[in-house]
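The block underneath contains the structure these notes are about, expressed in structure tokens.
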Amino acid sequence: MDLMKNLRDVPSPSPEAYDRARTALQTAMEEPVATVVRPKRWFSWPKLSIAAVGAAAVAAAVVMGTSGGSVPAGPSDAAPQAVEAPLVKLASAVQAAGTQPGDASLIINTKFGLDDKPDLNYTLYTDKGQQFTGDSAKTLADAVAKGDAQPATPYDGKVMVAARLAANGDVDKARIAMITAAGNALGVGLSPAEADKAWAAAQAETAKMLRKIGKPVPAPKPRPTGKDLENLINNHLLSNAEHALFANAADAEVRAGVLKLYATIPDMIVGKTTVDGQAALTLTAPPAILGGSTDVLTINADNGLPIREEITSAESSKRYVVNYKSSRVTLADVAAGKI
């Protein structure tokens, strides 16, 4: 798990490396995985245990689509509103202010791992759904100048659509779309028979992959229910929404939608703080949805832009920190080295 965590902000590996990493992690978890896409993105690792490793991307060393759940049938169909007031109020202000001029969102993140050495990464997500990456302003500028873009994956598109849907009012529908962006192996929203079929298919896929690499196949497990299911659902919501935020934070509509979706996570704690003299909010995810790990995201209290994330592993108590800077830019300026 710690190896996967240390890789969270690196560019996407090859499909072969992706499959090896995904399978290795899945073997340790002994839970089924669903068919996934390969998002090529740097983003966070808020889930560090079996219950928490549901739906992020191995491209950033996070398995995306382990259970791919959504809002389950029954009482949990209605999206909770545990922390609606502060985050929804901020989301409305963010959307009203609108997106700044430009044709792309730039996020610069600086990761501090166990050695406390800074690891700088640049991600440029264009309004046309392309992505450019670099480990310095120069390498990013060179990538843009050469047109060395990676097209957005289906997963990228789904999380952005879900965020925009939430921003524009249909939060319940957006919540389902965001949770299931990586797949729906939990069968959420399906009939009991269809849900069991989806779960069985996911386990069969896992077994097939394990046999392919000569690994032992764990005994099938029943589909999660009750609180376990709800925790997986909210884990997927958090990780997929974070993907949208960390890829395209400078887009006001995406940012507002993510804030509204965060507001539907029960027991999310919203606190107040200051960072470099600016008012900020801390969003502390419920440890139950992270398998006991902690994930605290600090955002600007006025515009919702991410500032800092601190993650502590439940297994090892190791702490990881990422600082974020987000802005709107134009491709022409970036290509000219004006970053």
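Labeling convention for the structure tokens: chains A, B, ... as they appear, residues from 1 per chain, ligands from 1 in order of appearance.
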Residue contacts of region 155-167 of chain A (10 Å, only C-alpha atoms) excluding same-chain residues fewer than 2 positions away, as a count of residues only: 54
Kindly assemble as CSV a list of the region 200-243 of chain A residues that lie within 12 Å of region 269-285 of chain A, each paired with its nearest atom pair and their distance in Å to one decimal, using only C-alpha atoms, sorted first by chain and then by ascending residue number.
```
residue,atom,partner,partner_atom,distance
A:Asn231,CA,A:Ala285,CA,11.3
A:Asn234,CA,A:Ala285,CA,9.7
A:Asn235,CA,A:Ala285,CA,9.2
A:Leu237,CA,A:Ala285,CA,11.2
A:Leu238,CA,A:Ala285,CA,8.2
A:Ser239,CA,A:Ala285,CA,10.6
A:Glu242,CA,A:Ala285,CA,11.6
```
Sel. of helix (DSSP H, G or I) residues, region 118-220 of chain A, as a ChimeraX atom specification: /A:137-146,154-167,171-179,192-212
Which of A:Ser105, A:Ser293, A:Gly337, A:Thr206 sits closest to Arg319 (chain A) [using only C-alpha atoms]: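 Among A:Ser105, A:Ser293, A:Gly337, A:Thr206, it is A:Ser293 that comes nearest to Arg319 (chain A).
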All residues 10 Å or closer to Asp142 (chain A), only C-alpha atoms, same chain fewer than 6 positions away omitted, as a ChimeraX atom specification: /A:132-134,136,148,334-337
Requested write-out: N, CA and C atoms of the selected residues, as an mmCIF file, in the first residue's frame:
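As a result, out.cif now contains:
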```
data_model
loop_
_atom_site.group_PDB
_atom_site.id
_atom_site.type_symbol
_atom_site.label_atom_id
_atom_site.label_comp_id
_atom_site.auth_asym_id
_atom_site.auth_seq_id
_atom_site.Cartn_x
_atom_site.Cartn_y
_atom_site.Cartn_z
ATOM 1 N N PHE A 132 -1.938 17.911 -20.496
ATOM 2 C CA PHE A 132 -0.495 18.018 -20.656
ATOM 3 C C PHE A 132 0.118 17.911 -19.260
ATOM 4 N N THR A 133 1.253 17.271 -19.172
ATOM 5 C CA THR A 133 1.901 17.131 -17.871
ATOM 6 C C THR A 133 3.387 17.448 -17.973
ATOM 7 N N GLY A 134 3.973 17.761 -16.823
ATOM 8 C CA GLY A 134 5.406 18.028 -16.759
ATOM 9 C C GLY A 134 5.878 18.058 -15.328
ATOM 10 N N SER A 136 8.228 20.292 -14.467
ATOM 11 C CA SER A 136 8.731 21.650 -14.296
ATOM 12 C C SER A 136 7.966 22.544 -15.265
ATOM 13 N N ASP A 148 2.063 17.702 -27.387
ATOM 14 C CA ASP A 148 2.159 16.364 -26.798
ATOM 15 C C ASP A 148 1.080 16.182 -25.730
ATOM 16 N N VAL A 334 1.282 29.242 -22.060
ATOM 17 C CA VAL A 334 2.069 28.142 -21.512
ATOM 18 C C VAL A 334 3.137 27.707 -22.505
ATOM 19 N N ALA A 335 2.756 27.591 -23.779
ATOM 20 C CA ALA A 335 3.716 27.185 -24.805
ATOM 21 C C ALA A 335 4.878 28.179 -24.896
ATOM 22 N N ALA A 336 4.584 29.434 -24.594
ATOM 23 C CA ALA A 336 5.630 30.470 -24.618
ATOM 24 C C ALA A 336 6.413 30.549 -23.324
ATOM 25 N N GLY A 337 6.106 29.666 -22.409
ATOM 26 C CA GLY A 337 6.822 29.646 -21.145
ATOM 27 C C GLY A 337 6.312 30.636 -20.121
#
```
Members of region 93-315 of chain A assigned strand (DSSP E or B) by DSSP, as a PyMOL selection string: chain A and resi 104-112+118-126+130-134+150-151+269-275+278-284+294-300+306-312
